[in-house]
file protein_15.cif (mmCIF, C-alpha atoms)
data_final
loop_
_atom_site.label_atom_id
_atom_site.label_comp_id
_atom_site.auth_asym_id
_atom_site.auth_seq_id
_atom_site.Cartn_x
_atom_site.Cartn_y
_atom_site.Cartn_z
CA MET L 1 150.98 49.04 0.52
CA VAL L 2 151.31 50.95 3.80
CA MET L 3 148.50 48.79 5.23
CA ALA L 4 150.40 45.61 4.31
CA PHE L 5 153.59 46.88 5.98
CA LEU L 6 151.62 47.94 9.04
CA ARG L 7 149.98 44.53 9.34
CA THR L 8 153.34 42.72 9.31
CA PHE L 9 154.75 45.25 11.77
CA VAL L 10 151.88 44.91 14.28
CA VAL L 11 152.03 41.10 14.21
CA LEU L 12 155.82 41.07 14.70
CA PHE L 13 155.63 43.59 17.54
CA GLY L 14 152.90 41.54 19.24
CA VAL L 15 154.93 38.32 19.01
CA TYR L 16 158.01 40.13 20.38
CA LEU L 17 156.06 41.41 23.39
CA ALA L 18 154.56 37.97 23.96
CA ILE L 19 157.96 36.27 23.96
CA THR L 20 159.74 38.78 26.19
CA GLY L 21 156.74 39.39 28.47
CA ASN L 22 158.16 42.71 29.61
CA LEU L 23 156.38 46.08 29.25
CA GLU L 24 159.18 48.42 30.36
CA PRO L 25 159.72 51.41 28.03
CA ALA L 26 163.23 50.28 27.06
CA ASN L 27 161.91 46.88 25.98
CA LEU L 28 159.00 48.48 24.08
CA ILE L 29 161.46 50.65 22.11
CA LEU L 30 163.72 47.67 21.37
CA GLY L 31 160.66 45.72 20.19
CA LEU L 32 159.65 48.57 17.87
CA ILE L 33 163.16 48.66 16.39
CA VAL L 34 163.36 44.88 15.89
CA ALA L 35 159.89 44.75 14.33
CA ALA L 36 160.71 47.69 12.04
CA ILE L 37 163.97 46.10 10.84
CA ILE L 38 162.29 42.76 10.08
CA THR L 39 159.40 44.52 8.32
CA VAL L 40 161.84 46.33 6.05
CA LEU L 41 163.95 43.21 5.40
CA VAL L 42 160.93 41.01 4.58
CA PRO L 43 158.64 43.04 2.33
CA PRO L 44 155.01 41.83 2.31
CA ARG L 45 154.01 40.24 -1.00
CA SER L 46 150.25 40.17 -0.56
CA ARG L 47 148.12 43.28 -0.69
CA ALA L 48 146.05 44.15 2.34
CA GLY L 49 142.31 44.47 1.83
CA SER L 50 140.15 47.34 2.91
CA LEU L 51 139.41 47.90 6.60
CA SER L 52 135.64 47.53 6.11
CA ARG L 53 136.02 43.80 5.45
CA LEU L 54 138.09 43.23 8.59
CA PRO L 55 135.19 42.26 10.92
CA GLY L 56 133.98 39.63 8.46
CA ALA L 57 137.52 38.31 8.12
CA LEU L 58 138.00 38.14 11.89
CA TRP L 59 134.66 36.35 12.35
CA GLY L 60 135.65 33.92 9.60
CA LEU L 61 139.02 33.37 11.29
CA ILE L 62 137.39 32.59 14.65
CA ARG L 63 134.96 30.13 13.04
CA TYR L 64 137.84 28.55 11.09
CA LEU L 65 139.91 28.07 14.26
CA VAL L 66 136.97 26.64 16.23
CA ILE L 67 136.11 24.16 13.45
CA LEU L 68 139.79 23.21 13.21
CA ALA L 69 140.05 22.67 16.99
CA VAL L 70 136.93 20.48 17.04
CA ASP L 71 138.30 18.50 14.07
CA ILE L 72 141.66 17.99 15.78
CA ILE L 73 140.09 16.81 19.04
CA THR L 74 137.53 14.40 17.53
CA ASN L 75 140.05 12.96 15.06
CA GLY L 76 142.72 12.74 17.78
CA ILE L 77 140.39 10.62 19.90
CA ASN L 78 139.52 8.54 16.81
CA VAL L 79 143.17 7.81 16.02
CA ALA L 80 143.88 7.01 19.67
CA ARG L 81 141.02 4.50 19.59
CA ILE L 82 142.33 2.90 16.40
CA VAL L 83 145.82 2.56 17.92
CA LEU L 84 144.52 1.07 21.18
CA ASP L 85 142.15 -1.38 19.44
CA PRO L 86 143.67 -4.90 19.55
CA ALA L 87 142.50 -5.56 15.97
CA LEU L 88 144.16 -2.35 14.67
CA PRO L 89 141.28 -1.49 12.25
CA ILE L 90 143.17 0.72 9.78
CA ARG L 91 142.25 1.18 6.12
CA PRO L 92 145.13 3.34 4.88
CA GLY L 93 145.39 4.85 1.42
CA ILE L 94 145.96 8.04 -0.56
CA ILE L 95 142.97 9.90 -2.00
CA ALA L 96 142.84 12.98 -4.24
CA ILE L 97 140.79 15.94 -3.03
CA PRO L 98 140.39 18.96 -5.36
CA SER L 99 141.11 21.98 -3.17
CA GLY L 100 138.72 24.17 -5.17
CA CYS L 101 140.83 27.28 -4.54
CA HIS L 102 142.81 28.86 -7.38
CA ASN L 103 145.06 30.60 -4.91
CA GLU L 104 148.36 29.30 -3.59
CA VAL L 105 147.96 30.71 -0.10
CA ALA L 106 144.45 29.28 0.33
CA THR L 107 145.63 25.89 -0.97
CA ALA L 108 148.60 25.91 1.40
CA LEU L 109 146.36 26.78 4.36
CA SER L 110 143.92 24.01 3.35
CA ALA L 111 146.85 21.59 3.20
CA HIS L 112 147.94 22.71 6.66
CA ALA L 113 144.45 22.29 8.09
CA ILE L 114 144.23 18.76 6.65
CA SER L 115 147.73 17.81 7.80
CA VAL L 116 147.26 19.11 11.34
CA THR L 117 144.21 16.86 11.75
CA PRO L 118 145.27 13.47 13.16
CA GLY L 119 144.68 10.63 10.71
CA GLU L 120 145.07 12.79 7.60
CA LEU L 121 148.32 13.88 5.97
CA VAL L 122 148.85 15.82 2.73
CA MET L 123 151.49 14.03 0.65
CA GLY L 124 151.56 16.38 -2.32
CA ILE L 125 149.81 19.04 -4.38
CA ASP L 126 149.65 19.08 -8.18
CA GLU L 127 149.33 21.94 -10.69
CA GLN L 128 145.53 21.93 -10.57
CA PHE L 129 145.66 22.45 -6.79
CA THR L 130 144.54 18.89 -6.09
CA LEU L 131 145.59 17.69 -2.65
CA TYR L 132 146.83 14.09 -2.27
CA VAL L 133 145.90 13.06 1.25
CA HIS L 134 147.09 9.95 3.05
CA CYS L 135 144.38 8.78 5.48
CA LEU L 136 144.36 6.16 8.20
CA ASP L 137 140.72 5.41 7.30
CA VAL L 138 140.11 5.95 3.59
CA THR L 139 136.47 4.89 3.45
CA HIS L 140 135.50 7.36 6.16
CA ALA L 141 137.67 10.18 4.77
CA ALA L 142 136.49 9.80 1.15
CA GLU L 143 132.91 10.79 1.93
CA TYR L 144 133.71 13.30 4.63
CA SER L 145 136.73 15.26 3.42
CA ALA L 146 135.19 16.75 0.24
CA GLN L 147 132.47 18.60 2.12
CA ALA L 148 134.94 19.63 4.85
CA GLN L 149 137.15 21.10 2.14
CA ALA L 150 134.19 23.00 0.63
CA MET L 151 133.46 24.62 4.00
CA ARG L 152 137.15 25.40 4.53
CA ARG L 153 137.39 27.03 1.10
CA GLU L 154 134.42 29.26 1.78
CA LEU L 155 135.82 30.41 5.14
CA LEU L 156 139.32 30.95 3.71
CA SER L 157 137.97 33.14 0.91
CA LYS L 158 136.42 35.34 3.60
CA ILE L 159 139.57 35.45 5.74
CA LEU L 160 142.06 36.16 2.95
CA TYR L 161 139.84 38.66 1.08
CA MET S 1 140.74 30.17 41.65
CA ASN S 2 144.14 28.69 42.36
CA LEU S 3 142.59 25.33 43.11
CA VAL S 4 140.62 25.39 39.86
CA LEU S 5 143.81 26.21 37.97
CA GLU S 6 145.67 23.36 39.66
CA LEU S 7 142.92 20.84 38.99
CA PHE S 8 142.84 21.96 35.34
CA ALA S 9 146.63 21.56 35.11
CA ILE S 10 146.54 18.07 36.64
CA ALA S 11 143.79 16.91 34.27
CA VAL S 12 145.62 18.34 31.28
CA VAL S 13 148.92 16.72 32.32
CA ILE S 14 147.25 13.31 32.61
CA ILE S 15 145.48 13.58 29.23
CA GLY S 16 148.60 14.99 27.55
CA THR S 17 150.81 12.20 28.89
CA ALA S 18 148.24 9.60 27.82
CA PHE S 19 148.25 10.97 24.27
CA SER S 20 152.07 11.00 24.18
CA VAL S 21 152.12 7.34 25.27
CA ILE S 22 149.48 6.50 22.65
CA GLY S 23 151.69 8.21 20.06
CA VAL S 24 154.61 5.91 20.93
CA LEU S 25 152.32 2.85 21.01
CA GLY S 26 151.00 3.76 17.58
CA PHE S 27 154.54 4.14 16.28
CA MET S 28 155.29 0.56 17.32
CA ARG S 29 151.99 -1.03 16.23
CA LEU S 30 151.25 0.59 12.87
CA PRO S 31 152.63 -1.15 9.76
CA ASP S 32 154.51 1.40 7.60
CA VAL S 33 156.14 4.84 7.37
CA TYR S 34 152.99 6.71 6.41
CA THR S 35 150.69 5.36 9.09
CA ARG S 36 153.42 5.79 11.69
CA LEU S 37 153.70 9.47 10.77
CA HIS S 38 150.07 9.84 11.84
CA ALA S 39 150.82 8.40 15.26
CA THR S 40 154.02 10.29 16.03
CA GLY S 41 153.45 13.59 14.29
CA LYS S 42 149.88 14.40 15.24
CA VAL S 43 148.94 12.56 18.36
CA SER S 44 152.22 13.58 19.96
CA ILE S 45 151.62 17.22 19.07
CA PHE S 46 148.25 16.86 20.75
CA GLY S 47 150.07 15.62 23.87
CA VAL S 48 152.75 18.29 23.85
CA VAL S 49 150.22 21.10 23.39
CA LEU S 50 148.25 19.85 26.41
CA LEU S 51 151.45 19.62 28.50
CA LEU S 52 152.30 23.20 27.46
CA LEU S 53 148.84 24.31 28.63
CA ALA S 54 149.59 22.77 32.03
CA THR S 55 152.95 24.55 32.11
CA VAL S 56 151.23 27.86 31.45
CA ALA S 57 148.77 27.21 34.27
CA LEU S 58 151.25 25.98 36.87
CA THR S 59 154.59 27.74 36.29
CA PRO S 60 155.45 31.42 35.80
CA LEU S 61 156.12 30.87 32.10
CA GLY S 62 153.54 33.45 31.11
CA PHE S 63 150.35 32.98 29.12
CA ALA S 64 151.57 34.77 25.99
CA LYS S 65 154.85 32.84 25.81
CA GLY S 66 153.04 29.52 26.04
CA LEU S 67 150.58 30.64 23.38
CA VAL S 68 153.41 31.56 20.98
CA LEU S 69 155.01 28.15 21.56
CA ILE S 70 151.71 26.37 20.88
CA VAL S 71 151.15 28.34 17.67
CA LEU S 72 154.67 27.58 16.44
CA LEU S 73 154.21 23.88 17.26
CA VAL S 74 150.86 23.65 15.49
CA LEU S 75 152.26 25.49 12.45
CA GLY S 76 155.50 23.50 12.24
CA GLY S 77 154.38 19.98 13.10
CA PRO S 78 152.28 19.25 9.98
CA ALA S 79 155.08 20.61 7.75
CA THR S 80 157.50 18.07 9.24
CA SER S 81 155.07 15.18 8.76
CA HIS S 82 154.35 16.27 5.19
CA ALA S 83 158.06 16.55 4.34
CA LEU S 84 158.80 13.06 5.69
CA GLY S 85 155.76 11.46 4.02
CA SER S 86 156.37 13.15 0.68
CA ALA S 87 160.05 12.18 0.69
CA ALA S 88 159.21 8.56 1.56
CA HIS S 89 156.69 8.36 -1.31
CA ARG S 90 159.16 9.88 -3.77
CA LEU S 91 161.75 7.28 -2.76
CA GLY S 92 159.17 4.59 -3.55
CA ILE S 93 158.73 3.18 -0.07
CA PRO S 94 155.59 1.03 -0.45
CA LEU S 95 152.32 1.50 1.41
CA ARG S 96 151.33 -1.58 3.39
CA GLN S 97 147.67 -2.70 3.42
CA ALA S 98 146.77 0.29 1.26
CA LEU S 99 143.27 0.30 -0.23
CA ARG S 100 144.06 2.90 -2.90
CA ASP S 101 146.86 5.23 -3.97
CA ASP S 102 145.80 8.11 -6.20
CA LEU S 103 149.24 9.71 -6.05
CA GLN S 104 150.87 6.64 -7.69
CA ALA S 105 148.83 7.16 -10.86
CA LEU S 106 149.97 10.76 -11.06
CA GLU S 107 153.65 10.00 -10.61
CA SER S 108 153.79 7.09 -13.08
CA SER S 109 151.87 8.63 -16.01
CA ASP S 110 153.20 11.25 -18.41
CA HIS S 111 149.91 13.10 -18.68
CA PRO S 112 148.62 13.24 -15.12
CA GLU S 113 144.87 12.91 -14.97
CA PRO S 114 144.22 11.71 -11.43
CA GLN S 115 141.06 9.99 -10.37
CA ARG S 116 139.14 12.47 -8.29
CA VAL S 117 136.96 12.10 -5.26
CA GLY S 118 133.92 14.09 -4.35
#

call {"tool": "encode", "arguments": {"input": "protein_15.cif", "output": "structure tokens"}}
result
Amino acid sequence: MVMAFLRTFVVLFGVYLAITGNLEPANLILGLIVAAIITVLVPPRSRAGSLSRLPGALWGLIRYLVILAVDIITNGINVARIVLDPALPIRPGIIAIPSGCHNEVATALSAHAISVTPGELVMGIDEQFTLYVHCLDVTHAAEYSAQAQAMRRELLSKILY
Amino acid sequence: MNLVLELFAIAVVIIGTAFSVIGVLGFMRLPDVYTRLHATGKVSIFGVVLLLLATVALTPLGFAKGLVLIVLLVLGGPATSHALGSAAHRLGIPLRQALRDDLQALESSDHPEPQRVG
């Protein structure tokens, strides 16, 4: 419980310092107070895992972010090419992708990762954690997105422990 | 070092502006609400993030401040697109040129058993 509070507190304090960009003692104290108040007002719901799994989680997070960045860039260029093509070769449609996670946070993060990729947009999620994804190019997405989701699920299970 | 930073900023500004223009072009060329969301929501975010990178490199905005802005943008953008798309589908705005719509089957049947992929 203390670990969960501490995690929220450290993140909030870091964001405060980043926004103000000021390391004077008075500002540090104000940041501590603001972070403490928000931490108390917004109690953490998830439990924090043990410290020993932190390196694995961080490594998973880095790999997750790198894969996401590569996905965003390649798909961004793809969508730009579709838009600039005189023939406008779109094959839009909505496909169902089982998220494979039985965890709301992991499903929400999967939905975010899919939505942030250009050319794919999550329209809804049902009770069995199936994601309904609108794609600019359905035929390409149908074969590719299931295995992308499998990799994402594996990384997320490491990150969220 | 300064020159490298400036060259980086110029390249990023050009690419970012190009992607923003492509976003607007896509908004005009694509046929319906859902496909247009792809063009405006994502490609534009791509452009704005690149422009922010240039701002960080060229102006005294501060690296950390720019990073926080980029994170907020990347977190918030998809949520906006999802909200608009989901609302449009709920209102029954039709998909143009759609090859398939798995969500339609779910919304119209009493016992949802969607066709699954993969």

call {"tool": "resolve_selection", "arguments": {"input": "protein_15.cif", "expression": "the PyMOL selection byres ((chain S) within 8 of (chain L))", "output": "VMD selection string"}}
result
chain S and resid 19 22 to 23 25 to 26 29 to 30 34 to 35 38 to 39 42 to 43 46 62 64 to 65 68 74 to 75 77 to 79 81 to 83 85 to 86 89 95 97 to 103 114 to 118

call {"tool": "resolve_selection", "arguments": {"input": "protein_15.cif", "expression": "the PyMOL selection byres ((chain L and resi 55-64) around 9)", "output": "list in words"}}
result
Leu51, Ser52, Arg53, Leu54, Leu65, Val66, Ile67, Leu68, Ala69, Arg152, Leu155, Leu156, Ser157, Lys158, Ile159, Leu160 and Tyr161 of chain L

call {"tool": "resolve_selection", "arguments": {"input": "protein_15.cif", "expression": "the PyMOL selection byres ((chain S and resi 58) around 8)", "output": "PyMOL selection string"}}
result
chain S and resi 5-6+9+54-57+59-60

call {"tool": "atom_distance", "arguments": {"input": "protein_15.cif", "atom1": "CA of Val34 (chain L)", "atom2": "CA of Ala108 (chain L)"}}
result
28.1 Å

call {"tool": "closest_residue", "arguments": {"input": "protein_15.cif", "among": "L:Ala106, L:Leu41, L:Ala35, L:Ala141", "to": "Arg7 (chain L)", "atoms": "only C-alpha atoms"}}
result
L:Ala35
